[in-house]
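Peer 1: Just one file: my_file28.cif, with mmCIF, C-alpha atoms (C1' of nucleotides).
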```cif
data_input
#
loop_
_atom_site.group_PDB
_atom_site.id
_atom_site.type_symbol
_atom_site.label_atom_id
_atom_site.label_comp_id
_atom_site.auth_asym_id
_atom_site.auth_seq_id
_atom_site.Cartn_x
_atom_site.Cartn_y
_atom_site.Cartn_z
ATOM 1 C CA MET C 1 -14.975 20.171 1.161
ATOM 2 C CA GLU C 2 -12.850 22.990 -0.198
ATOM 3 C CA SER C 3 -9.840 22.455 -2.434
ATOM 4 C CA VAL C 4 -7.123 20.647 -0.577
ATOM 5 C CA PHE C 5 -4.518 19.781 -3.161
ATOM 6 C CA PRO C 6 -5.159 22.042 -6.137
ATOM 7 C CA GLY C 7 -3.247 21.135 -9.267
ATOM 8 C CA GLY C 8 -2.318 17.576 -8.387
ATOM 9 C CA VAL C 9 -1.859 15.693 -5.163
ATOM 10 C CA PHE C 10 1.892 15.271 -4.824
ATOM 11 C CA PRO C 11 4.413 15.565 -7.636
ATOM 12 C CA ALA C 12 5.750 12.173 -8.699
ATOM 13 C CA GLY C 13 9.139 11.312 -7.221
ATOM 14 C CA CYS C 14 8.615 13.883 -4.489
ATOM 15 C CA PRO C 15 9.648 13.048 -0.877
ATOM 16 C CA SER C 16 5.965 13.131 0.059
ATOM 17 C CA ARG C 17 5.291 10.266 -2.320
ATOM 18 C CA VAL C 18 8.092 8.218 -0.779
ATOM 19 C CA LEU C 19 6.924 8.822 2.783
ATOM 20 C CA LEU C 20 3.333 8.162 1.754
ATOM 21 C CA ASP C 21 4.345 4.801 0.321
ATOM 22 C CA HIS C 22 6.160 3.926 3.552
ATOM 23 C CA VAL C 23 3.310 4.775 5.903
ATOM 24 C CA THR C 24 0.500 3.416 3.720
ATOM 25 C CA SER C 25 2.319 0.186 2.933
ATOM 26 C CA LYS C 26 0.415 -2.992 3.700
ATOM 27 C CA TRP C 27 2.411 -3.760 6.850
ATOM 28 C CA GLY C 28 3.520 -0.227 7.706
ATOM 29 C CA VAL C 29 -0.033 0.755 8.605
ATOM 30 C CA LEU C 30 -0.596 -2.307 10.770
ATOM 31 C CA VAL C 31 2.731 -2.011 12.582
ATOM 32 C CA LEU C 32 2.312 1.685 13.306
ATOM 33 C CA VAL C 33 -1.212 1.288 14.607
ATOM 34 C CA SER C 34 -0.294 -1.797 16.592
ATOM 35 C CA LEU C 35 2.397 0.201 18.374
ATOM 36 C CA THR C 36 -0.163 2.729 19.603
ATOM 37 C CA ASP C 37 -0.792 0.199 22.396
ATOM 38 C CA GLY C 38 2.727 0.829 23.661
ATOM 39 C CA PRO C 39 6.169 -0.767 23.213
ATOM 40 C CA GLN C 40 6.097 -4.247 21.783
ATOM 41 C CA ARG C 41 8.558 -7.001 21.061
ATOM 42 C CA TRP C 42 9.262 -8.614 17.725
ATOM 43 C CA SER C 43 7.152 -11.634 18.589
ATOM 44 C CA ASP C 44 4.277 -9.401 19.747
ATOM 45 C CA LEU C 45 4.284 -7.586 16.440
ATOM 46 C CA ARG C 46 4.410 -10.818 14.476
ATOM 47 C CA ARG C 47 1.303 -11.960 16.305
ATOM 48 C CA ARG C 48 -0.594 -8.670 16.281
ATOM 49 C CA ALA C 49 0.092 -7.803 12.650
ATOM 50 C CA GLU C 50 -1.334 -11.192 11.776
ATOM 51 C CA GLY C 51 -0.071 -12.636 8.525
ATOM 52 C CA VAL C 52 3.167 -10.697 8.265
ATOM 53 C CA SER C 53 6.210 -12.732 7.249
ATOM 54 C CA GLU C 54 9.496 -12.373 9.124
ATOM 55 C CA LYS C 55 11.042 -10.883 6.030
ATOM 56 C CA MET C 56 8.404 -8.188 5.618
ATOM 57 C CA LEU C 57 8.280 -7.369 9.326
ATOM 58 C CA ALA C 58 12.040 -6.835 9.342
ATOM 59 C CA GLN C 59 11.903 -4.728 6.200
ATOM 60 C CA THR C 60 8.968 -2.668 7.437
ATOM 61 C CA LEU C 61 10.541 -2.004 10.830
ATOM 62 C CA ARG C 62 13.849 -0.988 9.253
ATOM 63 C CA THR C 63 12.093 1.479 6.953
ATOM 64 C CA LEU C 64 9.988 3.000 9.738
ATOM 65 C CA GLU C 65 13.040 3.204 11.986
ATOM 66 C CA ALA C 66 15.050 4.947 9.277
ATOM 67 C CA ASP C 67 12.176 7.420 8.880
ATOM 68 C CA GLY C 68 12.344 8.204 12.591
ATOM 69 C CA LEU C 69 8.831 6.897 13.251
ATOM 70 C CA VAL C 70 9.741 3.802 15.233
ATOM 71 C CA HIS C 71 12.361 3.384 17.953
ATOM 72 C CA ARG C 72 14.287 0.141 18.373
ATOM 73 C CA ASP C 73 15.525 -0.627 21.881
ATOM 74 C CA GLN C 74 17.777 -3.650 22.137
ATOM 75 C CA LYS C 75 18.738 -4.872 25.614
ATOM 76 C CA PRO C 76 22.159 -6.564 25.741
ATOM 77 C CA VAL C 77 20.884 -9.656 27.482
ATOM 78 C CA MET C 78 20.722 -13.346 26.712
ATOM 79 C CA PRO C 79 18.285 -14.366 25.342
ATOM 80 C CA PRO C 80 18.015 -11.109 23.342
ATOM 81 C CA ARG C 81 15.137 -8.758 24.039
ATOM 82 C CA VAL C 82 14.159 -5.990 21.635
ATOM 83 C CA ASP C 83 11.352 -3.518 22.159
ATOM 84 C CA TYR C 84 9.845 -1.432 19.391
ATOM 85 C CA SER C 85 7.947 1.741 20.143
ATOM 86 C CA LEU C 86 6.661 4.868 18.443
ATOM 87 C CA THR C 87 8.881 7.942 18.486
ATOM 88 C CA PRO C 88 7.172 11.293 19.222
ATOM 89 C CA LEU C 89 6.976 11.750 15.449
ATOM 90 C CA GLY C 90 5.445 8.302 15.119
ATOM 91 C CA GLU C 91 2.855 9.113 17.793
ATOM 92 C CA GLU C 92 1.929 12.218 15.862
ATOM 93 C CA LEU C 93 1.453 10.180 12.710
ATOM 94 C CA ALA C 94 -0.581 7.567 14.565
ATOM 95 C CA GLU C 95 -2.994 10.247 15.671
ATOM 96 C CA VAL C 96 -4.010 10.913 12.063
ATOM 97 C CA MET C 97 -3.787 7.243 11.094
ATOM 98 C CA VAL C 98 -6.046 5.812 13.781
ATOM 99 C CA PRO C 99 -9.179 7.684 12.621
ATOM 100 C CA LEU C 100 -8.662 6.156 9.168
ATOM 101 C CA LEU C 101 -8.366 2.659 10.627
ATOM 102 C CA ARG C 102 -11.447 3.224 12.784
ATOM 103 C CA TRP C 103 -13.421 4.351 9.746
ATOM 104 C CA VAL C 104 -12.328 1.290 7.788
ATOM 105 C CA GLY C 105 -13.253 -0.948 10.696
ATOM 106 C CA ARG C 106 -16.711 0.603 10.951
ATOM 107 C CA HIS C 107 -17.571 0.356 7.249
ATOM 108 C CA ALA C 108 -15.705 -2.710 6.021
ATOM 109 C CA ASP C 109 -18.533 -5.183 6.589
ATOM 110 C CA ASP C 110 -21.045 -3.041 4.698
ATOM 111 C CA ILE C 111 -18.698 -2.314 1.822
ATOM 112 C CA ILE C 112 -16.940 -5.604 1.234
ATOM 113 C CA GLY C 113 -19.771 -7.916 2.247
ATOM 114 C CA ALA C 114 -18.505 -9.742 5.297
ATOM 115 C CA PRO C 115 -17.368 -13.300 4.544
ATOM 116 C CA ALA C 116 -17.518 -14.288 8.227
ATOM 117 C CA CYS C 117 -14.856 -12.533 10.271
ATOM 118 C CA MET S 1 -2.772 7.294 23.554
ATOM 119 C CA GLU S 2 -4.933 4.576 25.070
ATOM 120 C CA SER S 3 -5.322 1.130 23.628
ATOM 121 C CA VAL S 4 -6.990 1.301 20.249
ATOM 122 C CA PHE S 5 -6.774 -2.184 18.805
ATOM 123 C CA PRO S 6 -6.047 -4.506 21.738
ATOM 124 C CA GLY S 7 -5.123 -8.020 20.751
ATOM 125 C CA GLY S 8 -4.161 -7.420 17.147
ATOM 126 C CA VAL S 9 -5.071 -4.810 14.594
ATOM 127 C CA PHE S 10 -7.368 -6.604 12.171
ATOM 128 C CA PRO S 11 -7.625 -10.362 11.764
ATOM 129 C CA ALA S 12 -5.986 -11.560 8.566
ATOM 130 C CA GLY S 13 -8.425 -12.164 5.715
ATOM 131 C CA CYS S 14 -11.027 -9.967 7.407
ATOM 132 C CA PRO S 15 -13.103 -7.500 5.311
ATOM 133 C CA SER S 16 -11.322 -4.664 7.090
ATOM 134 C CA ARG S 17 -8.012 -5.867 5.688
ATOM 135 C CA VAL S 18 -9.441 -5.930 2.172
ATOM 136 C CA LEU S 19 -10.929 -2.452 2.418
ATOM 137 C CA LEU S 20 -7.740 -1.164 4.037
ATOM 138 C CA ASP S 21 -5.721 -2.492 1.111
ATOM 139 C CA HIS S 22 -8.086 -0.765 -1.333
ATOM 140 C CA VAL S 23 -8.008 2.650 0.301
ATOM 141 C CA THR S 24 -4.305 2.635 1.209
ATOM 142 C CA SER S 25 -3.218 1.341 -2.191
ATOM 143 C CA LYS S 26 -0.613 3.437 -3.937
ATOM 144 C CA TRP S 27 -3.084 4.998 -6.366
ATOM 145 C CA GLY S 28 -6.249 4.631 -4.318
ATOM 146 C CA VAL S 29 -5.053 7.264 -1.863
ATOM 147 C CA LEU S 30 -4.089 9.693 -4.593
ATOM 148 C CA VAL S 31 -7.314 9.272 -6.556
ATOM 149 C CA LEU S 32 -9.549 9.650 -3.502
ATOM 150 C CA VAL S 33 -7.778 12.764 -2.287
ATOM 151 C CA SER S 34 -7.641 14.211 -5.783
ATOM 152 C CA LEU S 35 -11.416 13.895 -6.023
ATOM 153 C CA THR S 36 -11.897 16.051 -2.911
ATOM 154 C CA ASP S 37 -11.521 18.964 -5.329
ATOM 155 C CA GLY S 38 -14.756 17.910 -7.006
ATOM 156 C CA PRO S 39 -15.777 15.791 -10.015
ATOM 157 C CA GLN S 40 -13.002 15.100 -12.453
ATOM 158 C CA ARG S 41 -12.577 13.419 -15.787
ATOM 159 C CA TRP S 42 -10.339 10.483 -16.633
ATOM 160 C CA SER S 43 -7.731 12.753 -18.176
ATOM 161 C CA ASP S 44 -7.829 15.091 -15.155
ATOM 162 C CA LEU S 45 -7.120 12.193 -12.844
ATOM 163 C CA ARG S 46 -4.314 10.926 -15.035
ATOM 164 C CA ARG S 47 -2.677 14.321 -14.773
ATOM 165 C CA ARG S 48 -3.367 15.008 -11.098
ATOM 166 C CA ALA S 49 -2.372 11.559 -9.842
ATOM 167 C CA GLU S 50 0.909 12.073 -11.625
ATOM 168 C CA GLY S 51 2.662 8.874 -12.638
ATOM 169 C CA VAL S 52 -0.362 6.579 -12.705
ATOM 170 C CA SER S 53 -0.557 4.245 -15.680
ATOM 171 C CA GLU S 54 -3.796 3.800 -17.595
ATOM 172 C CA LYS S 55 -4.017 0.242 -16.390
ATOM 173 C CA MET S 56 -3.691 1.132 -12.726
ATOM 174 C CA LEU S 57 -6.027 4.110 -12.979
ATOM 175 C CA ALA S 58 -8.691 1.911 -14.552
ATOM 176 C CA GLN S 59 -8.182 -0.817 -11.973
ATOM 177 C CA THR S 60 -8.174 1.636 -9.066
ATOM 178 C CA LEU S 61 -11.320 3.402 -10.230
ATOM 179 C CA ARG S 62 -13.155 0.118 -10.769
ATOM 180 C CA THR S 63 -12.246 -1.045 -7.267
ATOM 181 C CA LEU S 64 -13.249 2.219 -5.623
ATOM 182 C CA GLU S 65 -16.477 2.294 -7.610
ATOM 183 C CA ALA S 66 -17.303 -1.275 -6.594
ATOM 184 C CA ASP S 67 -16.691 -0.270 -2.968
ATOM 185 C CA GLY S 68 -19.196 2.567 -3.344
ATOM 186 C CA LEU S 69 -16.598 5.245 -2.709
ATOM 187 C CA VAL S 70 -16.458 6.718 -6.210
ATOM 188 C CA HIS S 71 -19.267 7.492 -8.628
ATOM 189 C CA ARG S 72 -18.854 7.119 -12.377
ATOM 190 C CA ASP S 73 -21.016 9.334 -14.572
ATOM 191 C CA GLN S 74 -20.806 8.607 -18.278
ATOM 192 C CA LYS S 75 -22.508 11.004 -20.696
ATOM 193 C CA PRO S 76 -23.686 9.342 -23.911
ATOM 194 C CA VAL S 77 -22.005 11.840 -26.201
ATOM 195 C CA MET S 78 -19.341 11.687 -28.867
ATOM 196 C CA PRO S 79 -16.518 12.120 -28.029
ATOM 197 C CA PRO S 80 -17.192 10.273 -24.757
ATOM 198 C CA ARG S 81 -17.197 12.225 -21.515
ATOM 199 C CA VAL S 82 -16.941 10.538 -18.126
ATOM 200 C CA ASP S 83 -16.901 12.292 -14.760
ATOM 201 C CA TYR S 84 -15.715 10.671 -11.569
ATOM 202 C CA SER S 85 -16.730 11.986 -8.160
ATOM 203 C CA LEU S 86 -16.813 10.971 -4.519
ATOM 204 C CA THR S 87 -19.976 9.362 -3.186
ATOM 205 C CA PRO S 88 -21.178 10.511 0.264
ATOM 206 C CA LEU S 89 -19.325 7.502 1.670
ATOM 207 C CA GLY S 90 -16.224 8.525 -0.240
ATOM 208 C CA GLU S 91 -16.467 12.066 1.135
ATOM 209 C CA GLU S 92 -16.626 10.641 4.625
ATOM 210 C CA LEU S 93 -13.512 8.593 3.983
ATOM 211 C CA ALA S 94 -11.727 11.575 2.476
ATOM 212 C CA GLU S 95 -12.289 13.514 5.666
ATOM 213 C CA VAL S 96 -10.137 11.084 7.626
ATOM 214 C CA MET S 97 -7.679 10.618 4.771
ATOM 215 C CA VAL S 98 -6.870 14.264 4.142
ATOM 216 C CA PRO S 99 -5.323 14.867 7.606
ATOM 217 C CA LEU S 100 -2.966 11.963 6.920
ATOM 218 C CA LEU S 101 -1.941 13.426 3.575
ATOM 219 C CA ARG S 102 -1.438 16.829 5.137
ATOM 220 C CA TRP S 103 0.771 15.346 7.851
ATOM 221 C CA VAL S 104 2.843 13.519 5.256
ATOM 222 C CA GLY S 105 3.177 16.704 3.221
ATOM 223 C CA ARG S 106 4.343 18.661 6.255
ATOM 224 C CA HIS S 107 6.992 16.165 7.396
ATOM 225 C CA ALA S 108 8.202 14.501 4.201
ATOM 226 C CA ASP S 109 11.085 16.866 3.556
ATOM 227 C CA ASP S 110 12.472 16.482 7.080
ATOM 228 C CA ILE S 111 12.079 12.717 7.122
ATOM 229 C CA ILE S 112 13.137 11.660 3.657
ATOM 230 C CA GLY S 113 15.725 14.365 3.011
ATOM 231 C CA ALA S 114 14.395 16.340 0.102
ATOM 232 C CA PRO S 115 16.104 15.524 -3.214
ATOM 233 C CA ALA S 116 14.774 18.697 -4.858
ATOM 234 C CA CYS S 117 11.006 18.647 -5.252
ATOM 235 C "C1'" DC W 1 -11.580 11.008 -25.051
ATOM 236 C "C1'" DG W 2 -11.708 7.065 -22.335
ATOM 237 C "C1'" DG W 3 -10.530 3.264 -22.046
ATOM 238 C "C1'" DT W 4 -8.726 -2.652 -23.260
ATOM 239 C "C1'" DA W 5 -5.445 -6.079 -24.300
ATOM 240 C "C1'" DT W 6 -0.991 -7.770 -24.058
ATOM 241 C "C1'" DC W 7 3.307 -8.662 -22.326
ATOM 242 C "C1'" DC W 8 6.874 -8.219 -18.938
ATOM 243 C "C1'" DT W 9 9.312 -7.156 -14.673
ATOM 244 C "C1'" DA W 10 9.832 -6.201 -9.813
ATOM 245 C "C1'" DC W 11 8.502 -7.010 -5.614
ATOM 246 C "C1'" DC W 12 5.899 -9.689 -2.114
ATOM 247 C "C1'" DT W 13 5.168 -14.090 -0.153
ATOM 248 C "C1'" DG W 14 6.227 -18.674 1.777
ATOM 249 C "C1'" DA W 15 9.272 -22.208 3.155
ATOM 250 C "C1'" DT W 16 13.340 -23.612 4.922
ATOM 251 C "C1'" DA W 17 17.602 -23.295 7.117
ATOM 252 C "C1'" DC W 18 20.860 -21.036 10.050
ATOM 253 C "C1'" DT W 19 22.926 -17.662 13.838
ATOM 254 C "C1'" DG W 20 24.160 -14.827 18.233
ATOM 255 C "C1'" DC O 1 14.285 -14.781 21.279
ATOM 256 C "C1'" DA O 2 15.148 -12.024 17.422
ATOM 257 C "C1'" DG O 3 16.446 -12.082 13.654
ATOM 258 C "C1'" DT O 4 19.341 -13.009 8.592
ATOM 259 C "C1'" DA O 5 19.940 -15.777 4.132
ATOM 260 C "C1'" DT O 6 18.327 -17.994 0.247
ATOM 261 C "C1'" DC O 7 15.359 -19.555 -3.334
ATOM 262 C "C1'" DA O 8 10.978 -20.857 -5.733
ATOM 263 C "C1'" DG O 9 6.543 -19.007 -7.124
ATOM 264 C "C1'" DG O 10 2.766 -15.753 -7.568
ATOM 265 C "C1'" DT O 11 0.827 -11.365 -8.142
ATOM 266 C "C1'" DA O 12 0.685 -6.319 -8.225
ATOM 267 C "C1'" DG O 13 2.100 -3.003 -11.087
ATOM 268 C "C1'" DG O 14 4.394 -0.743 -15.494
ATOM 269 C "C1'" DA O 15 5.099 -0.091 -20.793
ATOM 270 C "C1'" DT O 16 3.202 -0.274 -24.998
ATOM 271 C "C1'" DA O 17 -0.143 -0.788 -28.561
ATOM 272 C "C1'" DC O 18 -4.612 -0.594 -30.067
ATOM 273 C "C1'" DC O 19 -9.982 0.397 -30.222
ATOM 274 C "C1'" DG O 20 -14.971 2.646 -30.139
#
```
Can the structure from this file be put into C-alpha cells for me?
Peer 2:
Amino acid sequence: MESVFPGGVFPAGCPSRVLLDHVTSKWGVLVLVSLTDGPQRWSDLRRRAEGVSEKMLAQTLRTLEADGLVHRDQKPVMPPRVDYSLTPLGEELAEVMVPLLRWVGRHADDIIGAPAC
Amino acid sequence: MESVFPGGVFPAGCPSRVLLDHVTSKWGVLVLVSLTDGPQRWSDLRRRAEGVSEKMLAQTLRTLEADGLVHRDQKPVMPPRVDYSLTPLGEELAEVMVPLLRWVGRHADDIIGAPAC
DNA sequence: CGGTATCCTACCTGATACTG
DNA sequence: CAGTATCAGGTAGGATACCG
C-alpha cells in the first residue's frame, strides 16, 4: 500500500481527531451500524446495541446528532415515539464503516479465540 | 443500504466486540494506519501518532501484536532498535480502515467546525 | 533508544429513582 | 415510551520518573 498519511496521521487536537473519536467510540460504531437497517426507536437501539446503558445511549445519540450523522424525529403523541435514523451524511459514513465491521466479524473468532459466542 | 446486521450488531461479550474495541481504540486506529506507510520504530510511532503517551503506545502495540495484526522485530544491537510493521492480516485490516480515516479527514472540518488546524 | 513502574484523574458503567 | 438525574465504583488513560 502506498503512503496514505505521510508525516503523521492527524495532528493532535485537530477536528479530524475529534470526529474520529466520535465515530470510533465504543457505542458510536454500534449505533451507526445498527441504523443501517433503517429508522429505529430508542428501545430498538437499546436492544440492538446490546449492553449499552441508558446514559451512554443518550450521550452517544446526542453527539452523533450534533455531528449531523443521526436524525432525531420525535412525534408529538402520547405515549411519546421517537425515531432515529441516519442522515445522508451518516449513510455515507456507514458505507465505509460497514466493511470494517464485516472484516472484524469474519476474523474475530480466529484472532481472539472464541469463548463460545 | 440493505440489512447488514439484522437482530443486533454483535452480541455483547462476543469475540467480535473485543476485537472491535482493540481496532477502534483511540490509539489502535492511529497506530494501524500509521504503519500503512511501512515499518516504523517506536520513536517514529510516538511522533506520528501525535499525543500518545508511552504507556498507551506500549499497551496498544502489545494488544495489536497479540492479535496478530502488528509484527515486532527487535534487533539485538546496542543501542536497541525495534521495528514495528503490519502483518498480512494487519494489512488486510488497514485496507478497510483507511477509507474510514479518509472520510473522516474529508468531512471533519465541516462537521466539527474547524478551530484552526 | 525503547521501554517499565508508579501514581493519579477522568470518564464509563451500573443501579436506582423520577418525569412528561 | 423515552428519556433525565444522581451517586457509588471500576477501569481506561495520562503524567512523571526511572532503567537496560
Peer 1: Give me, as a tab-separated table, the closest atom pair and its distance (Å, one decimal) for every residue of chain O within a cut-off of 12 Å of chain C, counting only C-alpha atoms (C1' of nucleotides), rows sorted by chain and rising number.
Peer 2:
```
residue	atom	partner	partner_atom	distance
O:DC1	C1'	C:Pro80	CA	5.6
O:DA2	C1'	C:Pro80	CA	6.6
O:DG3	C1'	C:Ala58	CA	8.1
O:DT4	C1'	C:Lys55	CA	8.9
O:DA5	C1'	C:Lys55	CA	10.3
O:DT6	C1'	C:Lys55	CA	11.7
```
Peer 1: I'd like the superposed chain S, fitted onto chain C by least squares over all Cα atoms in order, as a short mmCIF file (atom, residue, chain, number, x, y, z; two decimals) with C-alpha atoms, keeping the file's coordinate frame.
Peer 2:
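Written file, superposed-v1.cif:
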```cif
data_model
loop_
_atom_site.label_atom_id
_atom_site.label_comp_id
_atom_site.auth_asym_id
_atom_site.auth_seq_id
_atom_site.Cartn_x
_atom_site.Cartn_y
_atom_site.Cartn_z
CA MET S 1 -14.92 20.12 1.17
CA GLU S 2 -12.82 22.92 -0.27
CA SER S 3 -9.85 22.39 -2.51
CA VAL S 4 -7.11 20.58 -0.66
CA PHE S 5 -4.49 19.72 -3.24
CA PRO S 6 -5.18 21.97 -6.24
CA GLY S 7 -3.24 21.07 -9.34
CA GLY S 8 -2.28 17.52 -8.47
CA VAL S 9 -1.84 15.65 -5.23
CA PHE S 10 1.90 15.21 -4.88
CA PRO S 11 4.42 15.49 -7.70
CA ALA S 12 5.76 12.11 -8.74
CA GLY S 13 9.15 11.26 -7.24
CA CYS S 14 8.64 13.85 -4.50
CA PRO S 15 9.65 13.03 -0.88
CA SER S 16 5.97 13.10 0.04
CA ARG S 17 5.32 10.23 -2.34
CA VAL S 18 8.11 8.19 -0.76
CA LEU S 19 6.94 8.82 2.79
CA LEU S 20 3.34 8.15 1.75
CA ASP S 21 4.37 4.79 0.33
CA HIS S 22 6.17 3.94 3.59
CA VAL S 23 3.31 4.80 5.92
CA THR S 24 0.51 3.43 3.73
CA SER S 25 2.36 0.21 2.94
CA LYS S 26 0.45 -2.96 3.70
CA TRP S 27 2.40 -3.71 6.88
CA GLY S 28 3.52 -0.20 7.74
CA VAL S 29 -0.03 0.79 8.64
CA LEU S 30 -0.58 -2.28 10.78
CA VAL S 31 2.73 -1.98 12.63
CA LEU S 32 2.30 1.73 13.36
CA VAL S 33 -1.23 1.32 14.65
CA SER S 34 -0.29 -1.77 16.62
CA LEU S 35 2.39 0.23 18.42
CA THR S 36 -0.18 2.76 19.65
CA ASP S 37 -0.79 0.23 22.42
CA GLY S 38 2.73 0.84 23.69
CA PRO S 39 6.17 -0.76 23.25
CA GLN S 40 6.11 -4.24 21.83
CA ARG S 41 8.56 -6.98 21.06
CA TRP S 42 9.27 -8.58 17.70
CA SER S 43 7.15 -11.60 18.56
CA ASP S 44 4.28 -9.38 19.76
CA LEU S 45 4.27 -7.55 16.46
CA ARG S 46 4.38 -10.78 14.49
CA ARG S 47 1.28 -11.92 16.32
CA ARG S 48 -0.62 -8.62 16.33
CA ALA S 49 0.05 -7.75 12.69
CA GLU S 50 -1.36 -11.13 11.82
CA GLY S 51 -0.11 -12.56 8.55
CA VAL S 52 3.14 -10.61 8.30
CA SER S 53 6.16 -12.62 7.24
CA GLU S 54 9.47 -12.27 9.06
CA LYS S 55 11.00 -10.73 5.99
CA MET S 56 8.35 -8.05 5.63
CA LEU S 57 8.25 -7.29 9.35
CA ALA S 58 12.02 -6.78 9.35
CA GLN S 59 11.89 -4.64 6.23
CA THR S 60 8.95 -2.58 7.50
CA LEU S 61 10.54 -1.95 10.88
CA ARG S 62 13.85 -0.94 9.32
CA THR S 63 12.08 1.53 7.02
CA LEU S 64 9.99 3.04 9.80
CA GLU S 65 13.03 3.26 12.05
CA ALA S 66 15.04 4.99 9.34
CA ASP S 67 12.17 7.46 8.93
CA GLY S 68 12.33 8.24 12.65
CA LEU S 69 8.83 6.94 13.30
CA VAL S 70 9.75 3.84 15.29
CA HIS S 71 12.36 3.38 18.00
CA ARG S 72 14.29 0.15 18.41
CA ASP S 73 15.55 -0.67 21.89
CA GLN S 74 17.79 -3.71 22.11
CA LYS S 75 18.78 -5.00 25.55
CA PRO S 76 22.17 -6.73 25.62
CA VAL S 77 20.90 -9.86 27.33
CA MET S 78 20.72 -13.52 26.46
CA PRO S 79 18.25 -14.51 25.12
CA PRO S 80 18.00 -11.24 23.16
CA ARG S 81 15.17 -8.85 23.95
CA VAL S 82 14.18 -6.03 21.60
CA ASP S 83 11.38 -3.54 22.17
CA TYR S 84 9.87 -1.42 19.44
CA SER S 85 7.96 1.76 20.20
CA LEU S 86 6.66 4.89 18.52
CA THR S 87 8.86 7.97 18.55
CA PRO S 88 7.14 11.32 19.26
CA LEU S 89 6.95 11.77 15.49
CA GLY S 90 5.42 8.33 15.16
CA GLU S 91 2.83 9.15 17.82
CA GLU S 92 1.90 12.25 15.89
CA LEU S 93 1.44 10.20 12.74
CA ALA S 94 -0.58 7.59 14.59
CA GLU S 95 -3.02 10.26 15.67
CA VAL S 96 -4.03 10.93 12.08
CA MET S 97 -3.80 7.26 11.11
CA VAL S 98 -6.05 5.84 13.80
CA PRO S 99 -9.20 7.70 12.62
CA LEU S 100 -8.67 6.15 9.19
CA LEU S 101 -8.38 2.67 10.66
CA ARG S 102 -11.46 3.23 12.78
CA TRP S 103 -13.44 4.36 9.73
CA VAL S 104 -12.33 1.29 7.80
CA GLY S 105 -13.28 -0.94 10.71
CA ARG S 106 -16.73 0.62 10.94
CA HIS S 107 -17.58 0.34 7.23
CA ALA S 108 -15.70 -2.74 6.03
CA ASP S 109 -18.52 -5.20 6.59
CA ASP S 110 -21.04 -3.09 4.67
CA ILE S 111 -18.67 -2.36 1.81
CA ILE S 112 -16.90 -5.65 1.25
CA GLY S 113 -19.73 -7.98 2.24
CA ALA S 114 -18.48 -9.83 5.27
CA PRO S 115 -17.34 -13.40 4.53
CA ALA S 116 -17.44 -14.36 8.22
CA CYS S 117 -14.83 -12.53 10.26
#
```
Peer 1: Using the chain letters and numbering of this document, enumerate as a compact mmCIF listing (two decimals) with C-alpha atoms (C1' of nucleotides), in the frame of the given file the residues selected by the PyMOL selection byres ((chain W) within 9 of (chain S)).
Peer 2:
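File produced: expr38.txt:
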```
# COMPACT_ATOMS: atom_id res chain seq x y z
C1' DC W 1 -11.58 11.01 -25.05
C1' DG W 2 -11.71 7.06 -22.34
C1' DG W 3 -10.53 3.26 -22.05
C1' DT W 4 -8.73 -2.65 -23.26
```
Peer 1: Might you pull out every residue within 9 Å of DA15 of chain O, with all atoms listed in the file counted and same-chain residues fewer than 3 positions away left off, and present them as a PyMOL selection string?
Peer 2: (chain S and resi 53) or (chain W and resi 7-8)
Peer 1: In Å to one decimal, how far is atom C1' of DT11 of chain O from atom C1' of DT6 of chain W?
Peer 2: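 Rounded to one decimal, the two atoms are 16.4 Å apart.
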Peer 1: Can you measure atom CA of Trp27 of chain C to atom CA of Leu61 of chain C for me? One decimal in Å is fine.
Peer 2: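 Here the two named atoms are 9.2 Å from each other.
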Peer 1: Under the PyMOL selection byres ((chain W and resi 10-14) around 8), which residues of this model are included? Write them out as a PDB file with C-alpha atoms (C1' of nucleotides), keeping the file's coordinate frame.
Peer 2:
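Written output follows (part.pdb):
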```pdb
ATOM      1  CA  SER C  53       6.210 -12.732   7.249  1.00  0.00           C
TER       2      SER C  53
ATOM      3  C1'  DT W   9       9.312  -7.156 -14.673  1.00  0.00           C
ATOM      4  C1'  DA W  15       9.272 -22.208   3.155  1.00  0.00           C
TER       5       DA W  15
ATOM      6  C1'  DG O  10       2.766 -15.753  -7.568  1.00  0.00           C
TER       7       DG O  10
END
```
Peer 1: Would you compute the distance between atom CA of His71 of chain C and atom CA of Tyr84 of chain C? Give it in Å to one decimal.
Peer 2: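 It comes out at 5.6 Å.
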Peer 1: Quick one: which residues end up in the PyMOL selection byres ((chain O and resi 13) around 8) for this structure, as a short mmCIF file (atom, residue, chain, number, x, y, z; two decimals) with C-alpha atoms (C1' of nucleotides), in the frame of the given file?
Peer 2:
```
data_model
loop_
_atom_site.label_atom_id
_atom_site.label_comp_id
_atom_site.auth_asym_id
_atom_site.auth_seq_id
_atom_site.Cartn_x
_atom_site.Cartn_y
_atom_site.Cartn_z
CA MET S 56 -3.69 1.13 -12.73
"C1'" DA O 12 0.68 -6.32 -8.22
"C1'" DG O 14 4.39 -0.74 -15.49
#
```
